[in-house]
>>> print(open('work_17.txt').read())   # compact mmCIF, C-alpha atoms
# COMPACT_ATOMS: atom_id res chain seq x y z
CA MET A 1 2.92 11.47 -15.47
CA PRO A 2 1.93 8.33 -17.30
CA GLY A 3 1.45 8.58 -21.02
CA GLY A 4 -0.63 6.17 -23.05
CA ASP A 5 -3.56 7.04 -25.21
CA PHE A 6 -5.65 8.56 -22.44
CA HIS A 7 -5.40 11.66 -20.33
CA PRO A 8 -2.89 11.23 -17.47
CA TRP A 9 -5.35 12.59 -14.93
CA TYR A 10 -7.58 9.58 -15.57
CA PHE A 11 -4.81 7.40 -14.23
CA VAL A 12 -4.40 9.60 -11.13
CA ILE A 13 -8.13 9.52 -10.40
CA VAL A 14 -8.36 5.74 -10.81
CA ALA A 15 -5.19 5.16 -8.78
CA VAL A 16 -6.34 7.31 -5.87
CA TRP A 17 -9.80 5.71 -5.98
CA VAL A 18 -8.43 2.16 -5.97
CA LEU A 19 -5.85 2.78 -3.26
CA VAL A 20 -8.21 4.67 -0.94
CA CYS A 21 -10.91 2.01 -1.27
CA GLY A 22 -8.31 -0.74 -0.82
CA LEU A 23 -7.09 0.90 2.38
CA GLY A 24 -10.71 1.13 3.46
CA VAL A 25 -11.07 -2.65 3.06
CA VAL A 26 -8.24 -3.39 5.47
CA LEU A 27 -8.68 -0.47 7.90
CA PHE A 28 -12.42 -0.18 8.59
CA ARG A 29 -13.40 -1.68 11.91
CA ARG A 30 -16.92 -2.63 10.95
CA ILE A 31 -16.73 -5.43 8.43
CA MET A 32 -19.78 -4.25 6.51
CA TYR A 33 -18.03 -0.94 5.79
CA SER A 34 -15.08 -2.99 4.55
CA ALA A 35 -17.37 -4.93 2.23
CA VAL A 36 -18.83 -1.74 0.71
CA SER A 37 -15.31 -0.34 0.34
CA MET A 38 -14.33 -3.58 -1.39
CA VAL A 39 -17.17 -3.17 -3.90
CA PHE A 40 -15.94 0.32 -4.78
CA CYS A 41 -12.36 -0.93 -5.01
CA PHE A 42 -13.44 -3.58 -7.53
CA LEU A 43 -15.34 -0.92 -9.47
CA GLY A 44 -12.21 1.22 -9.62
CA VAL A 45 -10.22 -1.75 -10.91
CA ALA A 46 -12.88 -2.24 -13.59
CA PHE A 47 -12.35 1.38 -14.68
CA ALA A 48 -8.64 0.69 -14.76
CA TYR A 49 -9.26 -2.22 -17.15
CA ALA A 50 -11.37 0.04 -19.33
CA LEU A 51 -8.52 2.56 -19.44
CA LEU A 52 -6.17 -0.26 -20.39
CA ASN A 53 -8.15 -1.01 -23.56
CA SER A 54 -9.59 -4.26 -22.20
CA PRO A 55 -13.34 -3.62 -22.15
CA LEU A 56 -14.23 -7.33 -21.99
CA VAL A 57 -12.17 -7.80 -18.83
CA ALA A 58 -13.78 -4.67 -17.37
CA ILE A 59 -17.29 -6.00 -18.03
CA ILE A 60 -16.46 -9.42 -16.61
CA GLN A 61 -14.87 -7.72 -13.59
CA ILE A 62 -18.12 -5.86 -12.93
CA LEU A 63 -20.25 -8.97 -13.48
CA VAL A 64 -18.17 -11.37 -11.40
CA TYR A 65 -16.54 -9.21 -8.73
CA VAL A 66 -18.92 -6.29 -8.24
CA GLY A 67 -21.95 -8.49 -8.87
CA ALA A 68 -21.36 -12.01 -7.68
CA ILE A 69 -18.43 -12.11 -5.29
CA SER A 70 -19.59 -9.04 -3.36
CA ILE A 71 -23.02 -10.60 -2.87
CA VAL A 72 -21.46 -13.84 -1.62
CA VAL A 73 -19.20 -11.92 0.80
CA ILE A 74 -22.07 -9.78 2.12
CA PHE A 75 -24.24 -12.89 2.61
CA ALA A 76 -21.40 -14.54 4.52
CA ILE A 77 -21.07 -11.45 6.72
CA MET A 78 -24.79 -11.43 7.43
CA LEU A 79 -24.78 -15.15 8.24
CA THR A 80 -21.86 -14.94 10.64
CA GLU A 81 -21.81 -11.48 12.15
CA VAL A 82 -21.47 -11.74 15.89
CA GLN A 83 -20.32 -8.24 16.83
CA SER A 84 -23.16 -6.62 18.74
CA GLY A 85 -21.99 -3.31 20.15
CA LYS A 86 -18.48 -4.41 20.99
CA LEU A 87 -16.19 -3.85 18.04
CA GLU A 88 -13.31 -6.10 17.18
CA LEU A 89 -10.06 -4.74 18.57
CA PHE A 90 -8.18 -3.78 15.44
CA PHE A 91 -4.74 -2.72 16.60
CA ASN A 92 -3.50 -6.00 17.94
CA ARG A 93 0.05 -7.25 18.26
CA GLN A 94 0.07 -8.43 14.64
CA THR A 95 -0.59 -4.99 13.21
CA ALA A 96 2.89 -3.52 13.51
CA VAL A 97 4.57 -6.63 12.10
CA ALA A 98 2.05 -6.81 9.26
CA ALA A 99 2.52 -3.12 8.43
CA VAL A 100 6.29 -3.49 8.34
CA ALA A 101 6.04 -6.61 6.17
CA ALA A 102 3.60 -4.95 3.76
CA LEU A 103 5.70 -1.78 3.45
CA LEU A 104 8.85 -3.85 2.92
CA GLY A 105 7.06 -5.86 0.24
CA ALA A 106 5.85 -2.65 -1.44
CA ALA A 107 9.37 -1.21 -1.42
CA ILE A 108 10.91 -4.38 -2.89
CA LEU A 109 8.23 -4.70 -5.57
CA ALA A 110 8.53 -1.02 -6.51
CA ALA A 111 12.32 -1.21 -6.72
CA VAL A 112 12.17 -4.34 -8.88
CA SER A 113 9.44 -3.03 -11.18
CA LEU A 114 11.05 0.36 -11.71
CA SER A 115 14.46 -1.11 -12.52
CA ALA A 116 13.22 -4.06 -14.58
CA ASN A 117 13.83 -4.32 -18.29
CA ILE A 118 10.42 -5.49 -19.43
CA GLY A 119 11.12 -5.37 -23.14
CA ARG A 120 9.40 -3.79 -26.09
CA ILE A 121 6.94 -1.53 -24.34
CA THR A 122 5.26 1.26 -26.20
CA ASP A 123 2.50 3.72 -25.54
CA ALA A 124 0.41 2.18 -28.31
CA SER A 125 -2.07 -0.39 -27.06
CA LYS A 126 -1.32 -4.02 -27.78
CA ALA A 127 -4.20 -5.52 -25.83
CA PRO A 128 -6.15 -8.10 -27.86
CA GLY A 129 -9.42 -6.81 -29.23
CA LEU A 130 -12.78 -8.55 -28.91
CA ARG A 131 -12.41 -10.54 -32.14
CA GLU A 132 -8.89 -11.62 -31.27
CA LEU A 133 -9.94 -12.48 -27.74
CA SER A 134 -12.84 -14.67 -28.85
CA ASN A 135 -10.50 -16.46 -31.21
CA LEU A 136 -8.14 -17.06 -28.30
CA ILE A 137 -10.87 -18.31 -25.96
CA PHE A 138 -12.51 -20.70 -28.41
CA ALA A 139 -9.43 -21.93 -30.25
CA ARG A 140 -6.15 -21.68 -28.43
CA TYR A 141 -7.45 -21.72 -24.87
CA VAL A 142 -10.50 -23.93 -25.42
CA PHE A 143 -9.27 -26.75 -23.20
CA PRO A 144 -8.57 -24.54 -20.15
CA PHE A 145 -11.88 -22.84 -20.85
CA GLU A 146 -13.76 -26.14 -20.56
CA LEU A 147 -11.67 -27.18 -17.59
CA VAL A 148 -12.59 -23.96 -15.78
CA SER A 149 -16.28 -24.76 -16.16
CA LEU A 150 -15.58 -28.13 -14.55
CA VAL A 151 -13.85 -26.34 -11.66
CA LEU A 152 -16.86 -24.06 -11.27
CA VAL A 153 -19.27 -27.01 -11.11
CA ALA A 154 -17.05 -28.72 -8.55
CA ALA A 155 -16.84 -25.52 -6.48
CA MET A 156 -20.61 -25.08 -6.58
CA ILE A 157 -21.30 -28.65 -5.47
CA GLY A 158 -18.61 -28.39 -2.81
CA ALA A 159 -20.05 -25.15 -1.45
CA ILE A 160 -23.54 -26.65 -1.28
CA VAL A 161 -22.25 -29.74 0.51
CA LEU A 162 -20.21 -27.67 2.95
CA ALA A 163 -22.76 -25.02 3.75
CA THR A 164 -26.00 -26.98 4.00
CA ARG A 165 -27.03 -27.82 7.50
CA GLU A 166 -26.61 -31.49 8.23
CA ARG A 167 -29.79 -33.37 9.06
CA GLU A 168 -29.97 -35.30 12.25
CA ARG A 169 -28.64 -38.74 11.55
CA THR A 170 -30.75 -41.53 13.01
CA MET S 1 9.00 6.76 -18.16
CA ASN S 2 6.45 4.51 -19.75
CA ALA S 3 2.93 4.40 -18.39
CA LEU S 4 3.29 0.65 -17.73
CA TYR S 5 5.55 1.34 -14.76
CA TRP S 6 2.92 3.55 -13.16
CA TRP S 7 0.28 0.87 -13.58
CA LEU S 8 2.62 -1.75 -12.17
CA LEU S 9 3.36 0.53 -9.21
CA LEU S 10 -0.38 0.89 -8.56
CA ALA S 11 -0.83 -2.90 -8.79
CA PHE S 12 2.01 -3.56 -6.35
CA LEU S 13 0.71 -1.00 -3.84
CA LEU S 14 -2.73 -2.60 -4.02
CA PHE S 15 -1.14 -6.04 -3.57
CA CYS S 16 0.66 -4.89 -0.44
CA ILE S 17 -2.51 -3.34 0.98
CA GLY S 18 -4.18 -6.72 0.54
CA ALA S 19 -1.21 -8.50 2.09
CA PHE S 20 -1.43 -6.19 5.09
CA GLY S 21 -5.10 -7.10 5.47
CA VAL S 22 -4.34 -10.82 5.31
CA LEU S 23 -1.58 -10.50 7.91
CA ALA S 24 -3.16 -8.04 10.31
CA ARG S 25 -6.88 -8.71 10.49
CA ARG S 26 -8.42 -11.51 12.53
CA ASN S 27 -11.84 -11.81 10.98
CA VAL S 28 -11.73 -14.69 8.49
CA ILE S 29 -14.17 -13.03 6.11
CA LEU S 30 -11.97 -9.95 6.04
CA VAL S 31 -8.97 -12.15 5.29
CA VAL S 32 -10.88 -13.57 2.31
CA MET S 33 -11.77 -10.04 1.18
CA SER S 34 -8.12 -8.97 1.41
CA LEU S 35 -7.20 -12.02 -0.66
CA GLU S 36 -9.63 -10.83 -3.32
CA VAL S 37 -7.94 -7.42 -3.29
CA MET S 38 -4.58 -9.14 -3.81
CA LEU S 39 -5.99 -11.14 -6.74
CA ASN S 40 -7.30 -7.91 -8.25
CA ALA S 41 -3.85 -6.38 -7.99
CA VAL S 42 -2.33 -9.34 -9.83
CA ASN S 43 -4.98 -9.05 -12.52
CA LEU S 44 -4.26 -5.35 -12.87
CA ALA S 45 -0.56 -6.05 -13.41
CA LEU S 46 -1.37 -8.73 -16.00
CA VAL S 47 -3.79 -6.56 -17.96
CA ALA S 48 -1.45 -3.56 -17.86
CA THR S 49 1.42 -5.64 -19.17
CA ALA S 50 -0.80 -7.15 -21.87
CA ASN S 51 -1.80 -3.64 -22.92
CA PHE S 52 1.62 -2.00 -23.10
CA ARG S 53 3.85 -4.91 -24.01
CA GLY S 54 1.66 -7.38 -25.84
CA GLY S 55 3.21 -10.51 -27.19
CA ALA S 56 2.71 -14.04 -25.85
CA ARG S 57 -0.43 -14.29 -28.01
CA GLY S 58 -2.68 -12.39 -25.63
CA ALA S 59 -1.76 -14.57 -22.66
CA GLY S 60 -1.91 -11.64 -20.21
CA THR S 61 -5.57 -10.89 -20.86
CA MET S 62 -6.50 -14.56 -20.99
CA PHE S 63 -4.78 -15.28 -17.68
CA ALA S 64 -6.62 -12.35 -16.13
CA LEU S 65 -9.96 -13.80 -17.29
CA PHE S 66 -9.13 -17.24 -15.94
CA ILE S 67 -7.98 -15.76 -12.62
CA ILE S 68 -11.30 -13.91 -12.29
CA VAL S 69 -13.26 -17.15 -12.80
CA LEU S 70 -11.07 -19.15 -10.43
CA ALA S 71 -11.30 -16.37 -7.82
CA ALA S 72 -15.08 -16.73 -7.96
CA ALA S 73 -14.73 -20.48 -7.28
CA GLU S 74 -12.21 -19.83 -4.52
CA VAL S 75 -14.34 -17.30 -2.67
CA THR S 76 -17.37 -19.61 -2.87
CA ILE S 77 -15.50 -22.52 -1.32
CA GLY S 78 -13.71 -20.31 1.19
CA LEU S 79 -16.85 -18.69 2.51
CA ALA S 80 -18.67 -22.04 2.60
CA ILE S 81 -15.88 -23.35 4.82
CA VAL S 82 -16.12 -20.22 6.99
CA ILE S 83 -19.87 -20.68 7.41
CA ALA S 84 -19.52 -24.40 8.16
CA ASN S 85 -16.87 -23.60 10.74
CA TYR S 86 -18.97 -20.78 12.21
CA ARG S 87 -21.83 -23.23 12.70
CA ASN S 88 -19.63 -25.40 14.87
CA ARG S 89 -17.53 -22.82 16.70
CA ARG S 90 -19.74 -19.69 16.77
CA THR S 91 -16.74 -17.50 15.91
CA VAL S 92 -14.97 -16.09 12.86
CA GLN S 93 -11.81 -14.93 14.62
CA THR S 94 -8.67 -16.56 13.30
CA ASP S 95 -6.89 -16.72 16.66
CA THR S 96 -9.56 -19.04 18.03
CA TYR S 97 -8.99 -21.62 15.33
CA ASP S 98 -6.52 -23.67 17.34
CA GLU S 99 -8.07 -27.11 17.49
CA LEU S 100 -5.12 -28.77 15.77
CA LYS S 101 -2.62 -27.21 18.19
CA GLY S 102 -0.76 -29.97 20.01
>>> encode(input="work_17.txt", output="C-alpha cells")
Amino acid sequence: MPGGDFHPWYFVIVAVWVLVCGLGVVLFRRIMYSAVSMVFCFLGVAFAYALLNSPLVAIIQILVYVGAISIVVIFAIMLTEVQSGKLELFFNRQTAVAAVAALLGAAILAAVSLSANIGRITDASKAPGLRELSNLIFARYVFPFELVSLVLVAAMIGAIVLATRERERT
Amino acid sequence: MNALYWWLLLAFLLFCIGAFGVLARRNVILVVMSLEVMLNAVNLALVATANFRGGARGAGTMFALFIIVLAAAEVTIGLAIVIANYRNRRTVQTDTYDELKG
C-alpha cells in the first residue's frame, strides 16, 4: 500500500478510476463514448494531482483538459462523424500486435521503475507551493512562459487557417 | 516501498493504455485522444516525482504545466488538420490515408 500523507485507499480509488476510464477511451466502439470516458479519465488525473499536493496543476488540468481540450475533441467528432448504423470494426489485424507491444512496454516500464534508484525520496511532500510556483513561473521560467504564449498564438492562427473553408478562387 | 513507485506504476500503465490506442485504433480522432491520454500519463509521472523527490528547483511541476499548455496547442492543430483532411477525403480512417504511397 502506498504511504504518503493521505489515506492509501484514495490512491486505489484514483488508480482504478483512471485506468478503467483510460481503457474505456481505447476500447469503446462508439467514439462519443470514448470521448466521455476521456473526460472522466482527465478528471481522475486531476484528482491524482490534488492528492500529490499540486493543487495548481489540478486546477489547470480541469480548465485545460476537462474544459477546453474535451470540447475541441467533441466538436471534431461532431464535425466528422460518418458512422451511421455501421460501427467501425474494432478487432482488426493491428489489435493483437498493438496489445502485445503495449503489454511489453508496460512490463519493461514497470521493471525499470521498480528497480530504479531514484534518489532521496521521502513520504513528506516536496512539491512547490503556490508562492514558490509563482516565483518560478515569473522569474526563473519567464522566458519559456512568454514563448509558450507565442506558440499558442501560432497554433490558434494555424488552426483557423487550416480549418476554415476555402472560398472559391476566381 | 515508497508511494512514488505506485504512482509511477499507475502512470506507466496509463501510458501503455494510450500507446495501445494509438497503435490499434483506426479513427484519427481516437488516435489523438489516445495521445492525450499518453501525455496525461507523462504529466502524472512528472508531478509524482516532483512531489516525492523534489529538487531541480520545481522543474517537475513546471514541466507538467508547460506540457499541458503545449498539449492544448497540439490538439488544436491536430484536429484542424483532421477536419481539413476530412473535408477533402470524407473519411477519418487512418488506413485510407495512402495518397503518398508510391
>>> closest_atom_pairs(input="work_17.txt", of="chain S", to="chain A", cutoff="6 Å", atoms="only C-alpha atoms", output="tab-separated table")
residue	atom	partner	partner_atom	distance
S:Ala3	CA	A:Pro2	CA	4.2
S:Leu13	CA	A:Ala106	CA	5.9
S:Cys16	CA	A:Ala102	CA	5.1
S:Phe20	CA	A:Ala102	CA	5.3
S:Gly21	CA	A:Val26	CA	4.9
S:Leu23	CA	A:Ala98	CA	5.3
S:Ala24	CA	A:Thr95	CA	4.9
S:Ala50	CA	A:Ala127	CA	5.5
S:Asn51	CA	A:Ala127	CA	4.2
S:Phe52	CA	A:Ile121	CA	5.5
S:Arg53	CA	A:Ile121	CA	4.6
S:Gly54	CA	A:Lys126	CA	4.9
S:Gly58	CA	A:Pro128	CA	6.0
S:Ala73	CA	A:Ala155	CA	5.5
S:Ile77	CA	A:Ala159	CA	5.3
S:Ala80	CA	A:Ala163	CA	5.2
S:Ala84	CA	A:Ala163	CA	5.5
>>> atom_distance(input="work_17.txt", atom1="CA of Pro55 (chain A)", atom2="CA of Leu130 (chain A)")
8.4 Å
>>> atom_distance(input="work_17.txt", atom1="CA of Ala11 (chain S)", atom2="CA of Val75 (chain S)")
20.7 Å
>>> residues_near_point(input="work_17.txt", point="(-9.8, -13.7, -2.5)", cutoff="9 Å", atoms="all atoms listed in the file", output="list of chain:residue names")
S:Val31, S:Val32, S:Met33, S:Ser34, S:Leu35, S:Glu36, S:Val37, S:Met38, S:Leu39, S:Asn40, S:Ala71, S:Ala72, S:Glu74, S:Val75, S:Gly78
>>> residues_near_point(input="work_17.txt", point="(-15.0, -14.0, 10.2)", cutoff="7 Å", atoms="all atoms listed in the file", output="list in words")
Thr80 of chain A; Asn27, Val28, Ile29, Leu30, Thr91, Val92 and Gln93 of chain S
>>> closest_residue(input="work_17.txt", among="A:Met78, A:Ala139, A:Leu150, A:Leu43", to="Ile83 (chain S)", atoms="all atoms listed in the file")
A:Met78
>>> atom_distance(input="work_17.txt", atom1="CA of Leu14 (chain S)", atom2="CA of Ala41 (chain S)")
5.6 Å
>>> closest_residue(input="work_17.txt", among="A:Ile71, A:Leu147, A:Val36, A:Val112", to="Phe66 (chain S)", atoms="all atoms listed in the file")
A:Leu147
>>> closest_residue(input="work_17.txt", among="S:Leu100, S:Arg25, S:Trp7, S:Arg57", to="Leu44 (chain S)", atoms="only C-alpha atoms")
S:Trp7
